[in-house]
Amino acid sequence: STQVPRQEAPVSSERMASLDEVIRLLNRCVNSGGCPWTASVTPSEMVGWLSSECTEVLQALDELPSQAGLQKLSLELGDLLFCTLMLIRLVSREHGLDPELPWVDALNKVKRRTPYMREWGDGSLAATADHAKALWCAAKQRELQK
């Protein structure tokens with residue numbers, strides 16, 4: 001039988017406002033006169049925090065499918081997201097990276113490495129998860145050889 005892909009609901013304006021608020025809060029922490037800890041932390045140190053949060057996400061995944069596990073996972077994913085956004089902002093502060101560039105790079109990378117997606121692909125087919133993974137890895141290797 002053919003499965004009909006689940007259509008994702010558009011992100012609500014309330015949720016987008018929450019993301020905007022997180023980014024404003026983050027900018028306030030990083031900017032001079034903001035949070036003293038954030039003013040002193042380096043991008044390399046932030047990667048250490050990210051690594052720790054990844055471990056906590058893995059631990060929370062082990063607690064699924066319980067409701068308490070799902071709540072814990074949501075909190076840990078929020079921490080992971082915040083640390084990632086913080087890292088981008090710190091690299092922007094320390095090295096002048098345009099903070100929107102990682103978003104654009106991620107979008108373009110996913111599109112390049114998933115040519116089988118109907119919405120943006122080139123007509124390639126990926127009948128299985130293994131085939132999709134192989135296409136991703138092959139595209140990554142081509143990019144690394146450039």
# chains A, B, ... in the order shown; residues from 1 in each chain; ligands from 1

$ residues_around --residues "region 38-41 of chain A" --least-positions-apart "2" --cutoff "10 Å" --atoms "only C-alpha atoms" --output "list of chain:residue names"
A:Leu26, A:Arg28, A:Cys29, A:Val30, A:Asn31, A:Ser32, A:Gly33, A:Gly34, A:Cys35, A:Pro36, A:Pro43, A:Ser44, A:Glu45, A:Met46, A:Met86, A:Leu87, A:Leu90, A:Arg93

$ write_last_selection --atoms "N, CA, C and O atoms" --output "compact mmCIF listing (two decimals), in the first residue's frame"
# COMPACT_ATOMS: atom_id res chain seq x y z
N LEU A 26 18.59 36.23 23.65
CA LEU A 26 19.97 35.81 23.42
C LEU A 26 20.85 37.01 23.06
O LEU A 26 21.94 37.17 23.61
N ARG A 28 20.39 40.07 23.82
CA ARG A 28 20.54 40.92 25.01
C ARG A 28 21.59 40.33 25.95
O ARG A 28 22.40 41.06 26.52
N CYS A 29 21.60 39.01 26.10
CA CYS A 29 22.61 38.37 26.95
C CYS A 29 24.02 38.56 26.40
O CYS A 29 24.96 38.77 27.16
N VAL A 30 24.17 38.48 25.10
CA VAL A 30 25.49 38.52 24.47
C VAL A 30 26.02 39.95 24.35
O VAL A 30 27.22 40.19 24.47
N ASN A 31 25.14 40.88 24.09
CA ASN A 31 25.58 42.27 23.91
C ASN A 31 26.20 42.81 25.18
O ASN A 31 25.88 42.37 26.28
N SER A 32 27.07 43.79 25.02
CA SER A 32 27.74 44.39 26.19
C SER A 32 26.68 44.92 27.15
O SER A 32 25.67 45.47 26.74
N GLY A 33 26.96 44.72 28.42
CA GLY A 33 26.02 45.13 29.44
C GLY A 33 24.96 44.08 29.72
O GLY A 33 24.09 44.28 30.55
N GLY A 34 25.04 42.95 29.03
CA GLY A 34 24.08 41.87 29.23
C GLY A 34 24.53 40.96 30.34
O GLY A 34 24.95 41.40 31.42
N CYS A 35 24.53 39.69 30.10
CA CYS A 35 24.89 38.67 31.09
C CYS A 35 26.41 38.60 31.25
O CYS A 35 27.13 38.44 30.26
N PRO A 36 26.93 38.68 32.47
CA PRO A 36 28.38 38.62 32.68
C PRO A 36 29.00 37.30 32.23
O PRO A 36 30.10 37.27 31.69
N PRO A 43 33.45 30.89 22.03
CA PRO A 43 32.80 29.89 21.19
C PRO A 43 33.27 28.46 21.52
O PRO A 43 32.45 27.53 21.57
N SER A 44 34.57 28.28 21.76
CA SER A 44 35.08 26.93 22.08
C SER A 44 34.47 26.40 23.36
O SER A 44 34.12 25.22 23.45
N GLU A 45 34.34 27.26 24.36
CA GLU A 45 33.69 26.84 25.61
C GLU A 45 32.23 26.47 25.37
O GLU A 45 31.70 25.52 25.95
N MET A 46 31.58 27.21 24.49
CA MET A 46 30.16 26.94 24.20
C MET A 46 29.99 25.58 23.55
O MET A 46 29.00 24.90 23.79
N MET A 86 23.23 30.29 20.82
CA MET A 86 24.24 31.04 21.56
C MET A 86 25.58 30.93 20.85
O MET A 86 26.29 31.93 20.69
N LEU A 87 25.94 29.74 20.40
CA LEU A 87 27.21 29.55 19.70
C LEU A 87 27.27 30.42 18.44
O LEU A 87 28.27 31.08 18.18
N LEU A 90 27.83 33.95 19.53
CA LEU A 90 29.20 34.16 20.02
C LEU A 90 30.20 34.23 18.88
O LEU A 90 31.10 35.07 18.88
N ARG A 93 29.86 37.53 17.36
CA ARG A 93 30.51 38.56 18.18
C ARG A 93 32.02 38.51 18.06
O ARG A 93 32.67 39.54 17.89

$ select_by_dssp --residues "region 35-115 of chain A" --states "helix (DSSP H, G or I)" --output "ChimeraX atom specification"
/A:36-40,43-61,67-95,101-113

$ closest_residue --among "A:Asn108, A:Ser92, A:Ser18, A:Gln67" --to "Gly121 (chain A)" --atoms "only C-alpha atoms"
A:Asn108
